[in-house]
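Take a look at the structure set out below.
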Protein chains: 2
Amino acid sequence: MLIGSGNVSTHLFQAFSKVPDVEVVQVFSRTFSNDFPSNIQISDFTQISEADVYIICVSDNAIASVSDQLPFENRLVVHTSGSTNFDVLNAKNKRGVFYPLQTFSKHKEVDFNEIPICLETEKETDYEILEKLAKTISKSVNKIDGNQRKALHVSAVFVCNFVNHLYHIGSEICKENNIPFHILQPLIEETAEKIKTLSPEEAQTGPALRKDSKTIEKHIDFLTDSTQKEIYKILTNSIQNVEKL
Amino acid sequence: MLIGSGNVSTHLFQAFSKVPDVEVVQVFSRTFSNDFPSNIQISDFTQISEADVYIICVSDNAIASVSDQLPFENRLVVHTSGSTNFDVLNAKNKRGVFYPLQTFSKHKEVDFNEIPICLETEKETDYEILEKLAKTISKSVNKIDGNQRKALHVSAVFVCNFVNHLYHIGSEICKENNIPFHILQPLIEETAEKIKTLSPEEAQTGPALRKDSKTIEKHIDFLTDSTQKEIYKILTNSIQNVEKL
Ligand SMILES: NC(=O)c1ccc[n+]([C@@H]2O[C@H](COP(=O)([O-])OP(=O)(O)OC[C@H]3O[C@@H](n4cnc5c(N)ncnc54)[C@H](OP(=O)(O)O)[C@@H]3O)[C@@H](O)[C@H]2O)c1
Ligand SMILES: NC(=O)c1ccc[n+]([C@@H]2O[C@H](COP(=O)([O-])OP(=O)(O)OC[C@H]3O[C@@H](n4cnc5c(N)ncnc54)[C@H](OP(=O)(O)O)[C@@H]3O)[C@@H](O)[C@H]2O)c1
């Protein structure tokens, strides 16, 4: 049973649909969505059927209120949020977390099998069923407690959200200078690829690492945007401080 | 003819070795290197043979002095540096730039065919020979003038060097919390992959974009390192300022 019809719910539905042993009994959606078969969509909590696991995939700040509205007790209810504790879920049910560590957009396909799923349950005895379910769609299933999940989420902000923003800055600089941004794509991919075999410390290159102060100054002069200048300086300093350790 | 025996020279040599029509006549190396056949290595500029193009792949600050030491005139001499003008090369020769836009480490293989090569020549008439040479190893050959190359190099610092440093910060946070860093690898790859089909603005996700100030505050509290806190704040602000435009 999936609750919510956004990015995560859509991708989970697609992944579970391919598993013969798992049936998505219903999808709860406030508004009708074309991403799910109409015969399993409900929009009223009183129509909710019995299921082994209820996965709440709604916006973080709606998780608590949705869990309060569930008209049953003592069933296994989990959310999919990286930054939320299981205890926001109503205690009338058995609680847990089913956090897929990936960046989902509705119309961008992903291979769920490669996506690490981070699991936590309030009671040890509920862990097994969640693990069995997760293993049907992913080869990377991990027991991660609330504090570790928080750390992972913070790390994900750095390696995904902030990284994407640096891509944005790169694309702005290209645009200003009439350079097609896709010229940078092989470099971007190789940078992500490299740390499969090297640690980020081993993979580090560039003027900051080389302490090439002439190039660093030229770059800061070249930038026209004051925020970009500031980001350039703070990241350059931060790289140089790693190497001093 | 390759001058220098570092990362770039090694990868160029490997790429040209696969092309029947191109012969690397000699490799100049101050110190003997096992990465090149011994019969073509020289370490004395007086031994230098005739070649159609001389590619100087030495550290940025050595390019000028190496070009001064070349015991001939009026031949095509280029360097491989993103942040250096062709005019640091001695004017006794025909000058240009052969800049492969990629991050090279000696023992990490790359597919040269995918690497954008950015070319510039002082004289228009020399462009064709450089272009012909570049096209034997790469399908992405681009005419890029000095100012554009500078812009590309600055962009590359953001999307490669700085991005790798954010991977480093992610790995530090994981280490502190006993989480294996490789759990983040699929997210890192998908983040790089996504912008093949979406613009960085379309691909942006996360608490900064959602203006989820509760999560942002929790994250800043969670971080123990003051530089990491500062980077978190400035990048969060910068993301929020993009969206206001
Ligand atoms: N996207 C990611 O990359 C990602 C990755 C891992 C985990 N997560 C987590 O997964 C969860 C869902 O994220 P998402 O990206 O799928 O979000 P989303 O695409 O924005 O979808 C949110 C869903 O929540 C529903 N919803 C919001 N408020 C509701 C309420 N008060 N009552 C009932 N339904 C409500 C929305 O319904 P309407 O369409 O009717 O508004 C929509 O179906 C979040 O906890 C998020 O932290 C997201
Ligand atoms: N690495 C990259 O990712 C990359 C990407 C694109 C462009 N580039 C550019 O390519 C060029 C070479 O970079 P690289 O990464 O290959 O450097 P590298 O691996 O550090 O190698 C530098 C080479 O320069 C030689 N050298 C240094 N000073 C010299 C001098 N005074 N006289 C003669 N030879 C000297 C070194 O010889 P010894 O071994 O004897 O010291 C070495 O062979 C630079 O202009 C760089 O900006 C690099």
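Each chain in the structure tokens gets a letter, A, B, ..., in the order shown, and its residues are numbered from 1; ligands are numbered from 1 in order too.
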May I have the residues within 9 Å of ligand 1, computed using only C-alpha atoms and all ligand atoms, as a PDB file with N, CA and C atoms, in the first residue's frame?
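To be explicit, this is the file written out as out19.pdb:
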```pdb
ATOM      1  N   ILE A   3       0.993   5.446   0.020  1.00  0.00           N
ATOM      2  CA  ILE A   3       0.213   6.638   0.315  1.00  0.00           C
ATOM      3  C   ILE A   3       0.984   7.851  -0.205  1.00  0.00           C
ATOM      4  N   GLY A   4       0.352   8.603  -1.104  1.00  0.00           N
ATOM      5  CA  GLY A   4       1.026   9.698  -1.802  1.00  0.00           C
ATOM      6  C   GLY A   4       1.207   9.311  -3.260  1.00  0.00           C
ATOM      7  N   SER A   5       1.278  10.317  -4.124  1.00  0.00           N
ATOM      8  CA  SER A   5       1.371  10.035  -5.562  1.00  0.00           C
ATOM      9  C   SER A   5       2.446  10.881  -6.224  1.00  0.00           C
ATOM     10  N   GLY A   6       3.482  11.239  -5.427  1.00  0.00           N
ATOM     11  CA  GLY A   6       4.542  12.098  -5.965  1.00  0.00           C
ATOM     12  C   GLY A   6       5.668  11.283  -6.599  1.00  0.00           C
ATOM     13  N   ASN A   7       6.860  11.893  -6.612  1.00  0.00           N
ATOM     14  CA  ASN A   7       8.025  11.271  -7.230  1.00  0.00           C
ATOM     15  C   ASN A   7       8.337   9.895  -6.667  1.00  0.00           C
ATOM     16  N   VAL A   8       8.437   9.836  -5.347  1.00  0.00           N
ATOM     17  CA  VAL A   8       8.881   8.597  -4.711  1.00  0.00           C
ATOM     18  C   VAL A   8       7.845   7.503  -4.897  1.00  0.00           C
ATOM     19  N   SER A   9       6.594   7.851  -4.665  1.00  0.00           N
ATOM     20  CA  SER A   9       5.520   6.874  -4.815  1.00  0.00           C
ATOM     21  C   SER A   9       5.489   6.309  -6.237  1.00  0.00           C
ATOM     22  N   THR A  10       5.612   7.168  -7.222  1.00  0.00           N
ATOM     23  CA  THR A  10       5.581   6.739  -8.621  1.00  0.00           C
ATOM     24  C   THR A  10       6.706   5.757  -8.928  1.00  0.00           C
ATOM     25  N   HIS A  11       7.914   6.081  -8.473  1.00  0.00           N
ATOM     26  CA  HIS A  11       9.049   5.197  -8.755  1.00  0.00           C
ATOM     27  C   HIS A  11       8.948   3.888  -7.979  1.00  0.00           C
ATOM     28  N   PHE A  28      -3.005   5.556  -2.328  1.00  0.00           N
ATOM     29  CA  PHE A  28      -3.817   6.675  -1.868  1.00  0.00           C
ATOM     30  C   PHE A  28      -3.302   7.958  -2.483  1.00  0.00           C
ATOM     31  N   SER A  29      -4.216   8.702  -3.110  1.00  0.00           N
ATOM     32  CA  SER A  29      -3.825   9.972  -3.699  1.00  0.00           C
ATOM     33  C   SER A  29      -4.963  10.977  -3.520  1.00  0.00           C
ATOM     34  N   ARG A  30      -4.627  12.146  -2.962  1.00  0.00           N
ATOM     35  CA  ARG A  30      -5.672  13.165  -2.756  1.00  0.00           C
ATOM     36  C   ARG A  30      -6.343  13.528  -4.059  1.00  0.00           C
ATOM     37  N   THR A  31      -5.513  13.608  -5.110  1.00  0.00           N
ATOM     38  CA  THR A  31      -6.027  13.971  -6.426  1.00  0.00           C
ATOM     39  C   THR A  31      -5.697  12.835  -7.382  1.00  0.00           C
ATOM     40  N   PHE A  32      -6.583  12.589  -8.366  1.00  0.00           N
ATOM     41  CA  PHE A  32      -6.357  11.479  -9.286  1.00  0.00           C
ATOM     42  C   PHE A  32      -5.055  11.661 -10.052  1.00  0.00           C
ATOM     43  N   SER A  33      -4.291  10.595 -10.186  1.00  0.00           N
ATOM     44  CA  SER A  33      -3.006  10.681 -10.882  1.00  0.00           C
ATOM     45  C   SER A  33      -2.938   9.670 -12.021  1.00  0.00           C
ATOM     46  N   ILE A  56       4.193   5.529   3.525  1.00  0.00           N
ATOM     47  CA  ILE A  56       3.739   6.921   3.402  1.00  0.00           C
ATOM     48  C   ILE A  56       4.796   7.732   2.652  1.00  0.00           C
ATOM     49  N   CYS A  57       4.485   8.075   1.386  1.00  0.00           N
ATOM     50  CA  CYS A  57       5.451   8.874   0.591  1.00  0.00           C
ATOM     51  C   CYS A  57       4.839  10.237   0.337  1.00  0.00           C
ATOM     52  N   VAL A  58       4.676  11.024   1.380  1.00  0.00           N
ATOM     53  CA  VAL A  58       4.134  12.374   1.208  1.00  0.00           C
ATOM     54  C   VAL A  58       5.175  13.377   1.706  1.00  0.00           C
ATOM     55  N   SER A  59       4.976  14.637   1.405  1.00  0.00           N
ATOM     56  CA  SER A  59       5.876  15.688   1.851  1.00  0.00           C
ATOM     57  C   SER A  59       6.158  15.536   3.347  1.00  0.00           C
ATOM     58  N   ASP A  60       7.414  15.826   3.718  1.00  0.00           N
ATOM     59  CA  ASP A  60       7.843  15.618   5.098  1.00  0.00           C
ATOM     60  C   ASP A  60       6.855  16.165   6.126  1.00  0.00           C
ATOM     61  N   ASN A  61       6.394  17.390   5.904  1.00  0.00           N
ATOM     62  CA  ASN A  61       5.565  18.011   6.937  1.00  0.00           C
ATOM     63  C   ASN A  61       4.125  17.486   6.956  1.00  0.00           C
ATOM     64  N   ALA A  62       3.767  16.569   6.023  1.00  0.00           N
ATOM     65  CA  ALA A  62       2.426  15.975   6.026  1.00  0.00           C
ATOM     66  C   ALA A  62       2.428  14.558   6.598  1.00  0.00           C
ATOM     67  N   ILE A  63       3.635  14.018   6.883  1.00  0.00           N
ATOM     68  CA  ILE A  63       3.726  12.614   7.315  1.00  0.00           C
ATOM     69  C   ILE A  63       2.923  12.373   8.596  1.00  0.00           C
ATOM     70  N   SER A  65       0.415  14.056  10.016  1.00  0.00           N
ATOM     71  CA  SER A  65      -1.047  14.169   9.934  1.00  0.00           C
ATOM     72  C   SER A  65      -1.646  13.031   9.116  1.00  0.00           C
ATOM     73  N   VAL A  66      -0.951  12.600   8.068  1.00  0.00           N
ATOM     74  CA  VAL A  66      -1.448  11.451   7.299  1.00  0.00           C
ATOM     75  C   VAL A  66      -1.481  10.207   8.189  1.00  0.00           C
ATOM     76  N   HIS A  79       7.576   5.656   6.729  1.00  0.00           N
ATOM     77  CA  HIS A  79       7.669   6.784   5.809  1.00  0.00           C
ATOM     78  C   HIS A  79       8.965   6.665   5.011  1.00  0.00           C
ATOM     79  N   THR A  80       9.157   7.558   4.025  1.00  0.00           N
ATOM     80  CA  THR A  80      10.307   7.450   3.114  1.00  0.00           C
ATOM     81  C   THR A  80      11.241   8.652   3.232  1.00  0.00           C
ATOM     82  N   SER A  81      11.180   9.342   4.366  1.00  0.00           N
ATOM     83  CA  SER A  81      11.918  10.599   4.479  1.00  0.00           C
ATOM     84  C   SER A  81      13.288  10.401   5.131  1.00  0.00           C
ATOM     85  N   GLY A  82      14.293  11.043   4.555  1.00  0.00           N
ATOM     86  CA  GLY A  82      15.638  10.931   5.089  1.00  0.00           C
ATOM     87  C   GLY A  82      15.847  11.730   6.348  1.00  0.00           C
ATOM     88  N   SER A  83      15.073  12.797   6.504  1.00  0.00           N
ATOM     89  CA  SER A  83      15.370  13.730   7.582  1.00  0.00           C
ATOM     90  C   SER A  83      14.318  13.707   8.688  1.00  0.00           C
ATOM     91  N   THR A  84      13.505  12.638   8.715  1.00  0.00           N
ATOM     92  CA  THR A  84      12.403  12.601   9.672  1.00  0.00           C
ATOM     93  C   THR A  84      12.523  11.351  10.541  1.00  0.00           C
ATOM     94  N   PHE A  98      11.565   3.644   5.472  1.00  0.00           N
ATOM     95  CA  PHE A  98      11.960   2.970   4.231  1.00  0.00           C
ATOM     96  C   PHE A  98      12.484   4.083   3.322  1.00  0.00           C
ATOM     97  N   TYR A  99      13.780   4.402   3.490  1.00  0.00           N
ATOM     98  CA  TYR A  99      14.343   5.597   2.846  1.00  0.00           C
ATOM     99  C   TYR A  99      15.206   5.205   1.645  1.00  0.00           C
ATOM    100  N   PRO A 100      14.708   5.496   0.433  1.00  0.00           N
ATOM    101  CA  PRO A 100      15.529   5.218  -0.750  1.00  0.00           C
ATOM    102  C   PRO A 100      16.481   6.384  -0.997  1.00  0.00           C
ATOM    103  N   LEU A 101      17.778   6.085  -0.941  1.00  0.00           N
ATOM    104  CA  LEU A 101      18.784   7.153  -1.038  1.00  0.00           C
ATOM    105  C   LEU A 101      19.066   7.465  -2.506  1.00  0.00           C
ATOM    106  N   GLN A 102      18.205   8.302  -3.068  1.00  0.00           N
ATOM    107  CA  GLN A 102      18.371   8.693  -4.463  1.00  0.00           C
ATOM    108  C   GLN A 102      17.616   9.984  -4.718  1.00  0.00           C
ATOM    109  N   THR A 103      17.944  10.662  -5.802  1.00  0.00           N
ATOM    110  CA  THR A 103      17.228  11.861  -6.197  1.00  0.00           C
ATOM    111  C   THR A 103      16.224  11.482  -7.282  1.00  0.00           C
ATOM    112  N   PHE A 104      14.956  11.620  -6.964  1.00  0.00           N
ATOM    113  CA  PHE A 104      13.908  11.206  -7.894  1.00  0.00           C
ATOM    114  C   PHE A 104      13.231  12.404  -8.548  1.00  0.00           C
ATOM    115  N   SER A 105      13.054  12.341  -9.847  1.00  0.00           N
ATOM    116  CA  SER A 105      12.159  13.268 -10.511  1.00  0.00           C
ATOM    117  C   SER A 105      11.177  12.389 -11.268  1.00  0.00           C
ATOM    118  N   LYS A 106       9.941  12.857 -11.359  1.00  0.00           N
ATOM    119  CA  LYS A 106       8.891  11.974 -11.839  1.00  0.00           C
ATOM    120  C   LYS A 106       9.209  11.371 -13.206  1.00  0.00           C
TER     121      LYS A 106
ATOM    122  N   THR B 205      17.018  19.800  -6.516  1.00  0.00           N
ATOM    123  CA  THR B 205      16.076  19.321  -5.493  1.00  0.00           C
ATOM    124  C   THR B 205      16.652  19.682  -4.121  1.00  0.00           C
ATOM    125  N   GLY B 206      15.955  19.309  -3.065  1.00  0.00           N
ATOM    126  CA  GLY B 206      16.521  19.441  -1.728  1.00  0.00           C
ATOM    127  C   GLY B 206      15.922  20.546  -0.880  1.00  0.00           C
TER     128      GLY B 206
END
```
So which bits of range 63-240 of chain A end up helix (DSSP H, G or I) when you DSSP the backbone, as JSON, numbers by chain?
{"A": [63, 64, 65, 66, 67, 68, 69, 86, 87, 88, 112, 113, 114, 124, 125, 126, 127, 128, 129, 130, 131, 132, 133, 134, 135, 146, 147, 148, 149, 150, 151, 152, 153, 154, 155, 156, 157, 158, 159, 160, 161, 162, 163, 164, 165, 166, 167, 168, 169, 170, 171, 172, 173, 174, 175, 176, 181, 182, 183, 184, 185, 186, 187, 188, 189, 190, 191, 192, 193, 194, 200, 201, 202, 203, 213, 214, 215, 216, 217, 218, 219, 220, 221, 222, 226, 227, 228, 229, 230, 231, 232, 233, 234, 235, 236, 237, 238, 239, 240]}
Write out the residues from the selection above, keeping C-alpha atoms, as a compact mmCIF listing (two decimals), in the first residue's frame.
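Writing the result to result30.txt gives the following:
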```
# COMPACT_ATOMS: atom_id res chain seq x y z
CA ILE A 63 3.73 12.61 7.32
CA ALA A 64 2.44 13.06 10.89
CA SER A 65 -1.05 14.17 9.93
CA VAL A 66 -1.45 11.45 7.30
CA SER A 67 -0.40 8.80 9.82
CA ASP A 68 -2.94 10.19 12.30
CA GLN A 69 -5.70 9.74 9.75
CA PHE A 86 9.96 7.37 12.79
CA ASP A 87 8.37 8.78 15.92
CA VAL A 88 6.46 11.45 14.00
CA PHE A 112 15.90 0.84 -8.46
CA ASN A 113 18.14 -2.21 -8.18
CA GLU A 114 21.13 0.12 -7.71
CA GLU A 124 13.40 -5.41 15.92
CA THR A 125 10.73 -7.99 15.01
CA ASP A 126 9.34 -5.78 12.22
CA TYR A 127 12.70 -5.41 10.54
CA GLU A 128 12.60 -8.71 8.68
CA ILE A 129 9.44 -8.01 6.70
CA LEU A 130 10.72 -4.58 5.64
CA GLU A 131 14.06 -6.08 4.65
CA LYS A 132 12.36 -8.81 2.61
CA LEU A 133 10.27 -6.20 0.81
CA ALA A 134 13.23 -3.90 0.09
CA LYS A 135 15.32 -6.80 -1.23
CA GLY A 146 17.91 7.61 12.88
CA ASN A 147 21.18 9.41 13.54
CA GLN A 148 22.96 7.74 10.64
CA ARG A 149 20.03 8.55 8.36
CA LYS A 150 20.31 12.19 9.38
CA ALA A 151 24.04 12.09 8.57
CA LEU A 152 23.31 10.47 5.22
CA HIS A 153 20.75 13.11 4.43
CA VAL A 154 23.18 15.92 5.24
CA SER A 155 25.84 14.20 3.13
CA ALA A 156 23.33 13.83 0.31
CA VAL A 157 22.70 17.58 0.41
CA PHE A 158 26.42 18.14 -0.18
CA VAL A 159 27.01 15.47 -2.85
CA CYS A 160 23.72 15.95 -4.71
CA ASN A 161 21.91 19.27 -4.07
CA PHE A 162 25.03 21.40 -3.64
CA VAL A 163 26.89 19.59 -6.42
CA ASN A 164 23.99 20.27 -8.76
CA HIS A 165 24.16 23.94 -7.79
CA LEU A 166 27.85 24.00 -8.76
CA TYR A 167 26.76 22.54 -12.12
CA HIS A 168 24.36 25.47 -12.33
CA ILE A 169 27.16 27.96 -11.67
CA GLY A 170 29.29 26.26 -14.34
CA SER A 171 26.43 26.54 -16.79
CA GLU A 172 25.98 30.24 -15.98
CA ILE A 173 29.65 30.95 -16.66
CA CYS A 174 29.39 29.05 -19.96
CA LYS A 175 26.26 30.94 -20.95
CA GLU A 176 27.91 34.32 -20.32
CA PHE A 181 27.38 23.69 -21.38
CA HIS A 182 27.38 20.12 -22.70
CA ILE A 183 31.13 20.49 -23.36
CA LEU A 184 31.51 20.03 -19.58
CA GLN A 185 29.42 16.83 -19.42
CA PRO A 186 32.32 14.33 -19.90
CA LEU A 187 34.27 16.12 -17.16
CA ILE A 188 31.28 16.03 -14.85
CA GLU A 189 30.77 12.32 -15.43
CA GLU A 190 34.44 11.44 -15.03
CA THR A 191 34.53 13.40 -11.75
CA ALA A 192 31.64 11.31 -10.42
CA GLU A 193 33.11 8.11 -11.87
CA LYS A 194 36.60 8.65 -10.48
CA PRO A 200 37.86 12.00 -2.92
CA GLU A 201 41.20 13.02 -1.41
CA GLU A 202 43.14 11.03 -4.02
CA ALA A 203 40.92 12.33 -6.82
CA SER A 213 47.76 31.38 -6.30
CA LYS A 214 48.26 33.14 -9.65
CA THR A 215 45.52 31.10 -11.31
CA ILE A 216 43.26 31.40 -8.25
CA GLU A 217 43.53 35.19 -8.37
CA LYS A 218 42.88 35.28 -12.11
CA HIS A 219 39.79 33.14 -11.62
CA ILE A 220 38.38 35.32 -8.85
CA ASP A 221 38.98 38.39 -11.02
CA PHE A 222 37.28 36.69 -13.94
CA SER A 226 29.92 38.38 -5.97
CA THR A 227 28.30 35.20 -4.63
CA GLN A 228 30.28 33.13 -7.12
CA LYS A 229 33.47 34.87 -5.99
CA GLU A 230 32.65 34.09 -2.38
CA ILE A 231 31.90 30.42 -3.13
CA TYR A 232 35.15 30.19 -5.08
CA LYS A 233 37.13 31.56 -2.13
CA ILE A 234 35.55 29.49 0.61
CA LEU A 235 35.82 26.20 -1.32
CA THR A 236 39.41 26.97 -2.31
CA ASN A 237 40.31 27.62 1.34
CA SER A 238 38.49 24.50 2.43
CA ILE A 239 40.40 22.34 -0.10
CA GLN A 240 43.69 23.82 1.07
```
Quick one, how far is atom 35 (C, counted along the ligand's line) of ligand 2 from CA of Lys139 in chain B?
29.3 Å
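Using only C-alpha atoms and all ligand atoms, the nearest neighbour of ligand 2 within the list B:Asn85, B:Asn93, B:Thr197, B:Thr224 is B:Asn85.
From CA of Asp225 in chain A back to CA of Pro207 in chain B, the distance works out to 23.6 Å.
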All strand (DSSP E or B) positions in range 34-75 of chain B, as a PDB file with N, CA and C atoms, in the first residue's frame:
```pdb
ATOM      1  N   GLN B  41      62.234   8.096 -26.167  1.00  0.00           N
ATOM      2  CA  GLN B  41      62.408   9.112 -25.119  1.00  0.00           C
ATOM      3  C   GLN B  41      63.717   9.875 -25.290  1.00  0.00           C
ATOM      4  N   ILE B  42      63.631  11.196 -25.161  1.00  0.00           N
ATOM      5  CA  ILE B  42      64.854  12.000 -25.116  1.00  0.00           C
ATOM      6  C   ILE B  42      64.793  12.893 -23.882  1.00  0.00           C
ATOM      7  N   VAL B  53      53.740  18.770 -35.285  1.00  0.00           N
ATOM      8  CA  VAL B  53      53.236  19.534 -34.143  1.00  0.00           C
ATOM      9  C   VAL B  53      54.031  19.148 -32.901  1.00  0.00           C
ATOM     10  N   TYR B  54      54.361  20.136 -32.086  1.00  0.00           N
ATOM     11  CA  TYR B  54      55.017  19.905 -30.801  1.00  0.00           C
ATOM     12  C   TYR B  54      54.014  20.247 -29.698  1.00  0.00           C
ATOM     13  N   ILE B  55      53.664  19.237 -28.887  1.00  0.00           N
ATOM     14  CA  ILE B  55      52.689  19.488 -27.825  1.00  0.00           C
ATOM     15  C   ILE B  55      53.422  19.555 -26.486  1.00  0.00           C
ATOM     16  N   ILE B  56      53.429  20.739 -25.900  1.00  0.00           N
ATOM     17  CA  ILE B  56      54.098  20.933 -24.601  1.00  0.00           C
ATOM     18  C   ILE B  56      53.110  20.630 -23.473  1.00  0.00           C
TER      19      ILE B  56
END
```
